[in-house]
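Data from start.csv: CSV, C-alpha atoms and all ligand atoms
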```
chain,number,residue,atom,x,y,z
A,1,MET,CA,11.2,18.1,2.9
A,2,PRO,CA,7.8,16.6,3.8
A,3,LEU,CA,7.2,12.9,2.8
A,4,ILE,CA,4.2,10.7,3.1
A,5,ASP,CA,4.4,7.0,4.0
A,6,THR,CA,1.3,5.7,2.1
A,7,HIS,CA,1.5,2.2,3.6
A,8,THR,CA,2.7,1.3,7.1
A,9,HIS,CA,1.5,-1.3,9.7
A,10,LEU,CA,2.4,0.6,12.9
A,11,ASN,CA,-0.9,-0.7,14.2
A,12,LEU,CA,0.3,-4.3,14.3
A,13,GLY,CA,2.1,-6.0,17.2
A,14,ASP,CA,5.7,-5.3,16.3
A,15,TYR,CA,5.9,-1.8,18.0
A,16,ASP,CA,6.1,-1.9,21.8
A,17,ASP,CA,8.1,1.4,21.3
A,18,ARG,CA,5.4,2.9,19.0
A,19,LYS,CA,5.7,6.3,20.6
A,20,ASP,CA,9.4,6.5,19.8
A,21,VAL,CA,8.9,5.2,16.2
A,22,VAL,CA,6.2,7.9,15.6
A,23,GLU,CA,8.5,10.6,17.1
A,24,ARG,CA,11.3,9.6,14.7
A,25,ALA,CA,8.9,9.7,11.8
A,26,LEU,CA,7.7,13.2,12.7
A,27,ALA,CA,11.3,14.3,13.3
A,28,ALA,CA,12.1,13.0,9.8
A,29,ASP,CA,9.3,15.1,8.3
A,30,ILE,CA,7.0,12.2,7.5
A,31,ILE,CA,3.8,14.3,7.6
A,32,ARG,CA,1.2,11.6,7.0
A,33,MET,CA,1.0,7.9,7.3
A,34,VAL,CA,-1.7,5.4,6.2
A,35,THR,CA,-2.2,2.2,8.3
A,36,PRO,CA,-4.3,-0.3,6.3
A,37,GLY,CA,-6.2,-3.0,8.1
A,38,VAL,CA,-5.3,-6.6,7.2
A,39,THR,CA,-7.9,-8.2,9.5
A,40,LEU,CA,-11.0,-6.7,11.3
A,41,GLU,CA,-8.9,-6.4,14.5
A,42,SER,CA,-6.2,-4.4,12.7
A,43,CYS,CA,-8.9,-2.1,11.2
A,44,PHE,CA,-9.8,-1.2,14.8
A,45,SER,CA,-6.2,-0.8,15.9
A,46,SER,CA,-5.6,1.5,12.9
A,47,PHE,CA,-8.3,3.8,14.4
A,48,ALA,CA,-6.5,4.1,17.7
A,49,LEU,CA,-3.4,5.6,15.9
A,50,ALA,CA,-5.5,7.9,13.9
A,51,GLU,CA,-7.2,9.2,17.0
A,52,ASP,CA,-3.9,9.5,19.0
A,53,TYR,CA,-2.3,11.5,16.1
A,54,PRO,CA,-5.1,13.4,14.3
A,55,GLY,CA,-4.1,14.7,10.9
A,56,VAL,CA,-1.0,12.4,10.9
A,57,PHE,CA,-2.3,8.9,10.8
A,58,PHE,CA,-5.2,7.8,8.5
A,59,SER,CA,-6.9,4.4,8.1
A,60,ALA,CA,-7.8,2.0,5.4
A,61,MET,CA,-10.3,-0.8,5.9
A,62,GLY,CA,-9.7,-4.2,4.4
A,63,ILE,CA,-9.0,-7.9,4.7
A,64,HIS,CA,-5.6,-9.0,3.3
A,65,PRO,CA,-5.8,-11.7,0.6
A,66,GLN,CA,-3.9,-14.1,2.9
A,67,GLU,CA,-6.8,-13.6,5.4
A,68,ALA,CA,-9.5,-13.9,2.7
A,69,HIS,CA,-10.6,-17.2,4.3
A,70,THR,CA,-11.8,-15.3,7.3
A,71,TRP,CA,-14.4,-13.5,5.2
A,72,THR,CA,-18.0,-14.2,6.3
A,73,ALA,CA,-21.5,-13.2,5.2
A,74,SER,CA,-21.3,-10.1,7.5
A,75,THR,CA,-17.8,-8.9,6.7
A,76,TYR,CA,-19.0,-6.6,3.9
A,77,ALA,CA,-21.5,-4.8,6.1
A,78,GLN,CA,-18.9,-4.5,8.9
A,79,LEU,CA,-16.3,-3.0,6.6
A,80,ASN,CA,-18.9,-0.7,5.1
A,81,GLU,CA,-19.8,0.6,8.6
A,82,LEU,CA,-16.1,0.9,9.7
A,83,SER,CA,-15.2,2.8,6.5
A,84,GLN,CA,-17.6,5.7,7.5
A,85,HIS,CA,-15.1,6.6,10.3
A,86,PRO,CA,-13.8,10.1,9.5
A,87,THR,CA,-10.1,9.0,9.4
A,88,VAL,CA,-10.7,6.4,6.7
A,89,VAL,CA,-9.1,7.4,3.3
A,90,ALA,CA,-9.1,4.1,1.4
A,91,ILE,CA,-10.4,0.5,1.1
A,92,GLY,CA,-7.7,-2.2,1.6
A,93,GLU,CA,-5.4,-3.8,1.8
A,94,THR,CA,-7.0,-6.3,-0.5
A,95,GLY,CA,-5.7,-8.0,-3.7
A,96,LEU,CA,-4.4,-11.4,-4.6
A,97,ASP,CA,-1.6,-13.5,-3.1
A,98,TYR,CA,-0.7,-16.7,-4.9
A,99,TYR,CA,2.8,-16.8,-3.2
A,100,TRP,CA,1.7,-17.9,0.2
A,101,ASP,CA,-1.6,-19.4,-1.0
A,102,THR,CA,-3.1,-19.3,2.6
A,103,SER,CA,-6.5,-18.7,1.1
A,104,PRO,CA,-8.0,-20.6,-1.9
A,105,GLN,CA,-7.8,-18.5,-5.1
A,106,ASP,CA,-11.5,-18.5,-5.8
A,107,ILE,CA,-12.2,-17.1,-2.3
A,108,GLN,CA,-9.5,-14.5,-2.8
A,109,HIS,CA,-11.3,-13.5,-6.0
A,110,THR,CA,-14.7,-13.2,-4.3
A,111,VAL,CA,-13.2,-11.1,-1.5
A,112,LEU,CA,-11.4,-8.9,-3.9
A,113,ARG,CA,-14.5,-8.3,-5.9
A,114,ALA,CA,-16.4,-7.3,-2.7
A,115,HIS,CA,-13.6,-4.8,-1.8
A,116,ILE,CA,-13.8,-3.3,-5.3
A,117,ARG,CA,-17.6,-2.8,-4.9
A,118,LEU,CA,-17.2,-1.4,-1.4
A,119,ALA,CA,-14.6,1.1,-2.7
A,120,LYS,CA,-17.0,2.2,-5.4
A,121,GLU,CA,-19.9,2.4,-2.9
A,122,ARG,CA,-17.9,4.5,-0.5
A,123,GLN,CA,-16.1,6.5,-3.3
A,124,LEU,CA,-12.7,5.6,-1.9
A,125,PRO,CA,-9.4,4.5,-3.5
A,126,LEU,CA,-8.3,0.9,-3.3
A,127,ILE,CA,-5.0,-0.3,-1.7
A,128,LEU,CA,-4.0,-3.4,-3.6
A,129,HIS,CA,-1.5,-6.1,-2.8
A,130,VAL,CA,-0.4,-8.6,-5.5
A,131,ARG,CA,2.2,-11.3,-5.2
A,132,ASP,CA,2.9,-14.5,-7.1
A,133,LYS,CA,5.3,-17.4,-7.1
A,134,ALA,CA,8.6,-16.7,-9.0
A,135,GLY,CA,8.1,-17.0,-12.8
A,136,SER,CA,4.3,-16.9,-12.7
A,137,THR,CA,2.2,-13.8,-13.6
A,138,ALA,CA,-1.2,-15.4,-12.9
A,139,ALA,CA,-1.9,-13.2,-9.9
A,140,TYR,CA,-1.1,-10.1,-11.9
A,141,ASP,CA,-3.2,-11.2,-14.8
A,142,ASP,CA,-6.1,-12.1,-12.6
A,143,LEU,CA,-5.9,-8.8,-10.7
A,144,LEU,CA,-6.1,-6.7,-13.9
A,145,ARG,CA,-8.9,-8.9,-15.2
A,146,LEU,CA,-11.0,-8.5,-12.0
A,147,LEU,CA,-10.3,-4.8,-11.8
A,148,ARG,CA,-11.7,-4.4,-15.3
A,149,GLU,CA,-14.7,-6.7,-14.8
A,150,GLU,CA,-15.7,-4.9,-11.7
A,151,GLU,CA,-14.9,-1.5,-13.2
A,152,ALA,CA,-12.7,-0.5,-10.4
A,153,GLN,CA,-12.2,3.3,-9.9
A,154,GLY,CA,-8.5,3.4,-9.0
A,155,GLY,CA,-6.2,3.5,-6.0
A,156,VAL,CA,-2.7,2.3,-5.5
A,157,MET,CA,-0.6,-0.8,-6.3
A,158,HIS,CA,1.1,-1.1,-2.9
A,159,CYS,CA,4.6,-2.4,-2.8
A,160,PHE,CA,4.8,-2.3,-6.6
A,161,SER,CA,6.5,-5.5,-7.8
A,162,GLY,CA,5.3,-5.9,-11.4
A,163,ASP,CA,7.0,-5.3,-14.7
A,164,LEU,CA,6.7,-2.3,-17.0
A,165,ALA,CA,3.7,-3.7,-18.9
A,166,PHE,CA,1.9,-4.2,-15.6
A,167,ALA,CA,2.8,-0.7,-14.4
A,168,GLU,CA,1.4,0.8,-17.6
A,169,GLN,CA,-1.8,-1.1,-17.4
A,170,SER,CA,-2.2,-0.2,-13.7
A,171,ILE,CA,-1.8,3.5,-14.5
A,172,GLU,CA,-4.3,3.2,-17.3
A,173,LEU,CA,-6.8,1.8,-14.8
A,174,GLY,CA,-6.3,4.8,-12.5
A,175,PHE,CA,-3.8,3.3,-10.1
A,176,TYR,CA,-0.7,4.9,-8.6
A,177,LEU,CA,2.4,2.8,-8.1
A,178,ALA,CA,3.8,2.7,-4.6
A,179,PHE,CA,7.6,2.1,-4.3
A,180,GLY,CA,9.0,0.8,-1.1
A,181,GLY,CA,12.2,-0.7,0.4
A,182,VAL,CA,12.6,-3.2,-2.4
A,183,LEU,CA,13.6,-0.3,-4.7
A,184,THR,CA,16.8,0.0,-2.7
A,185,PHE,CA,17.8,-3.6,-3.2
A,186,LYS,CA,20.7,-4.1,-5.7
A,187,ASN,CA,19.1,-7.1,-7.5
A,188,ALA,CA,15.7,-5.4,-8.1
A,189,LYS,CA,16.6,-4.8,-11.8
A,190,VAL,CA,13.0,-4.9,-13.2
A,191,LEU,CA,11.8,-2.6,-10.5
A,192,HIS,CA,14.6,-0.1,-11.2
A,193,GLU,CA,13.6,-0.1,-14.9
A,194,VAL,CA,10.0,0.6,-14.0
A,195,ALA,CA,11.0,3.4,-11.6
A,196,GLN,CA,13.2,4.9,-14.3
A,197,THR,CA,10.5,4.8,-16.9
A,198,VAL,CA,7.1,5.6,-15.5
A,199,ASP,CA,5.5,9.0,-15.3
A,200,LEU,CA,6.3,10.3,-11.8
A,201,GLN,CA,2.9,11.8,-11.6
A,202,HIS,CA,1.6,8.3,-10.8
A,203,VAL,CA,4.2,7.4,-8.1
A,204,VAL,CA,3.9,7.4,-4.3
A,205,LEU,CA,6.2,6.1,-1.6
A,206,GLU,CA,5.7,3.7,1.3
A,207,THR,CA,7.6,1.5,3.8
A,208,ASP,CA,5.2,-1.4,4.4
A,209,ALA,CA,6.8,-1.4,7.9
A,210,PRO,CA,7.6,-3.6,9.7
A,211,TRP,CA,8.6,-5.5,6.6
A,212,LEU,CA,10.7,-4.9,3.5
A,213,THR,CA,13.2,-2.6,5.2
A,214,PRO,CA,15.3,-0.5,2.8
A,215,ALA,CA,19.0,-0.6,2.6
A,216,PRO,CA,21.1,0.2,4.6
A,217,PHE,CA,18.9,-1.4,7.3
A,218,ARG,CA,17.7,-4.4,5.2
A,219,GLY,CA,16.9,-7.3,7.5
A,220,LYS,CA,16.0,-5.2,10.5
A,221,ARG,CA,12.6,-4.0,11.5
A,222,ASN,CA,11.2,-1.3,9.2
A,223,GLU,CA,9.7,2.0,10.3
A,224,PRO,CA,8.1,5.1,8.6
A,225,ALA,CA,11.2,7.3,9.0
A,226,TYR,CA,13.0,5.0,6.5
A,227,VAL,CA,10.7,6.1,3.6
A,228,ARG,CA,13.5,8.7,3.1
A,229,PHE,CA,15.8,6.0,1.8
A,230,VAL,CA,13.3,5.0,-0.8
A,231,ALA,CA,13.0,8.7,-1.8
A,232,ASP,CA,16.8,8.9,-2.1
A,233,LYS,CA,17.0,5.8,-4.3
A,234,LEU,CA,14.2,7.1,-6.6
A,235,ALA,CA,16.1,10.4,-6.9
A,236,GLU,CA,19.3,8.5,-7.8
A,237,LEU,CA,17.4,6.4,-10.4
A,238,ARG,CA,15.7,9.4,-12.0
A,239,ASN,CA,18.7,11.7,-11.7
A,240,LEU,CA,16.7,14.3,-9.8
A,241,PRO,CA,17.2,16.1,-6.5
A,242,VAL,CA,15.5,14.3,-3.7
A,243,SER,CA,13.6,17.4,-2.9
A,244,GLU,CA,11.9,17.1,-6.3
A,245,ILE,CA,11.0,13.5,-5.6
A,246,ALA,CA,9.6,14.5,-2.2
A,247,ARG,CA,7.6,17.4,-3.8
A,248,ILE,CA,6.0,15.2,-6.5
A,249,THR,CA,5.3,12.0,-4.5
A,250,THR,CA,3.9,14.0,-1.5
A,251,ALA,CA,1.5,15.9,-3.9
A,252,ASN,CA,0.5,12.6,-5.5
A,253,ALA,CA,-0.3,11.0,-2.1
A,254,GLN,CA,-2.3,14.0,-1.1
A,255,ARG,CA,-4.3,13.7,-4.4
A,256,LEU,CA,-4.6,9.9,-4.1
A,257,PHE,CA,-6.1,9.9,-0.6
A,258,ARG,CA,-7.7,13.4,-0.8
A,259,PHE,CA,-6.0,14.5,2.5
B,301,ZN,ZN,0.6,-4.1,3.9
```

Starting from the file, give its structure as structure tokens.
Ligand SMILES: [Zn+2]
Amino acid sequence: MPLIDTHTHLNLGDYDDRKDVVERALAADIIRMVTPGVTLESCFSSFALAEDYPGVFFSAMGIHPQEAHTWTASTYAQLNELSQHPTVVAIGETGLDYYWDTSPQDIQHTVLRAHIRLAKERQLPLILHVRDKAGSTAAYDDLLRLLREEEAQGGVMHCFSGDLAFAEQSIELGFYLAFGGVLTFKNAKVLHEVAQTVDLQHVVLETDAPWLTPAPFRGKRNEPAYVRFVADKLAELRNLPVSEIARITTANAQRLFRF
């Protein structure tokens, strides 16, 4: 039952036992994994994995919205050059984060617009992150507005966390919804509603490892093998066999990243 982890950060510093983690993923039939850059450094470390495991790991080039303040006059050209690497399948992760607010919002907007343009220039899908403070939808509203203004050409809403209206608008704009470990949390009622309602042709799976570990390992370090728990939960919510969820989401991920 092949699965694809469309968003994992095995290239970051939390994996001294990286080899074992990859072995467990392969043993669990996780056939492909995408490691997005969040800084220029992690763009480079994402290449190392893609070169060690050809055909298994793929890269995405981007500066995370929390790191938007590190953007300089030369960053666009650097990302553009890096994204010509043959293992690059997407631009990101980029987006808007009003939760941590580590970068001023106007800078986040400028940097997001630049990523959207780069994705269009390179003809690659975008990997988007969006997070807001509880009770506020400003980040979600701004994200949709900027995608429309820049005429973005699609990609994926990573770690999908919006409501049904946001899900529908995302799909309309050509974005897949990526469900991760949060889907397995009992209190994720809005997310469960979205997962039960949306057209599965627009859904992919991810872990966002090392974070957001699914039940039953919630609170521990996450790893790609655990994407199976997300598939199980989606199968339960849709009342479908997990093999069917695997078939659909794997085909979607292949289409999204043109593997
Ligand atoms: Zn991420």

Neighbours of range 31-37 of chain A within 8 Å (all atoms listed in the file; same-chain residues fewer than 5 positions away dropped), as a ChimeraX atom specification? /A:2-11,26,42-44,46,55-64,92-93,224

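The two atoms in question, CA of Ala28 in chain A and CA of Ala231 in chain A, are spaced 12.4 Å apart.
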
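Of the residues listed (A:Arg148, A:Leu200, A:Phe259, A:Phe217), A:Phe259 shows the shortest atom-to-atom separation from Pro54 in chain A; distances use all atoms listed in the file.
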
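Taking CA of Ala165 in chain A and CA of Thr137 in chain A as endpoints, the distance between them is 11.5 Å.
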
Figure out the distance between CA of Ser136 in chain A and CA of Asp199 in chain A, please, to one decimal in Å. 26.1 Å

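Distance check against Glu223 in chain A using all atoms listed in the file: of A:Ala50, A:Val190, A:Ala209, A:Val203, the minimum falls on A:Ala209.
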
Taking (-3.8, -2.6, -2.7) as a centre in this file's frame and 9 Å as the limit, can you find every polymer residue with an atom that close, using all atoms listed in the file, and give them as a PyMOL selection string? chain A and resi 64+91-95+126-130+155-159

Could the residues in this selection be written to a file with C-alpha atoms, as an mmCIF file, in the coordinates of the input?
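Writing done, so here's again04.cif:
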```cif
data_model
loop_
_atom_site.group_PDB
_atom_site.id
_atom_site.type_symbol
_atom_site.label_atom_id
_atom_site.label_comp_id
_atom_site.auth_asym_id
_atom_site.auth_seq_id
_atom_site.Cartn_x
_atom_site.Cartn_y
_atom_site.Cartn_z
ATOM 1 C CA HIS A 64 -5.600 -9.000 3.300
ATOM 2 C CA ILE A 91 -10.400 0.500 1.100
ATOM 3 C CA GLY A 92 -7.700 -2.200 1.600
ATOM 4 C CA GLU A 93 -5.400 -3.800 1.800
ATOM 5 C CA THR A 94 -7.000 -6.300 -0.500
ATOM 6 C CA GLY A 95 -5.700 -8.000 -3.700
ATOM 7 C CA LEU A 126 -8.300 0.900 -3.300
ATOM 8 C CA ILE A 127 -5.000 -0.300 -1.700
ATOM 9 C CA LEU A 128 -4.000 -3.400 -3.600
ATOM 10 C CA HIS A 129 -1.500 -6.100 -2.800
ATOM 11 C CA VAL A 130 -0.400 -8.600 -5.500
ATOM 12 C CA GLY A 155 -6.200 3.500 -6.000
ATOM 13 C CA VAL A 156 -2.700 2.300 -5.500
ATOM 14 C CA MET A 157 -0.600 -0.800 -6.300
ATOM 15 C CA HIS A 158 1.100 -1.100 -2.900
ATOM 16 C CA CYS A 159 4.600 -2.400 -2.800
#
```

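Closest approach to Val194 in chain A among A:Phe160, A:Trp211, A:Tyr226, A:Tyr176: A:Phe160, based on all atoms listed in the file.
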
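In this comparison, which uses all atoms listed in the file, the residue of A:Ile171, A:Met1, A:Ile116, A:Leu12 approaching ligand ZN 301 (chain B) most closely is A:Leu12.
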
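Checking A:Ala246, A:Leu112, A:Val227, A:Leu124 one by one against Val88 in chain A, counting only C-alpha atoms, you find the shortest gap at A:Leu124.
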
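Comparing the minimum interatomic distances between Pro210 in chain A and each of A:Gly174, A:Gly181, A:Gly154, A:Gly135, counting all atoms listed in the file, we find that A:Gly181 sits nearest.
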
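Residues with any atom within 9 Å of Leu164 in chain A, counting all atoms listed in the file and excluding same-chain neighbours fewer than 3 positions away, are Ala167, Glu168, Gln169, Val190, Leu191, Glu193, Val194, Ala195, Thr197 and Val198 of chain A.
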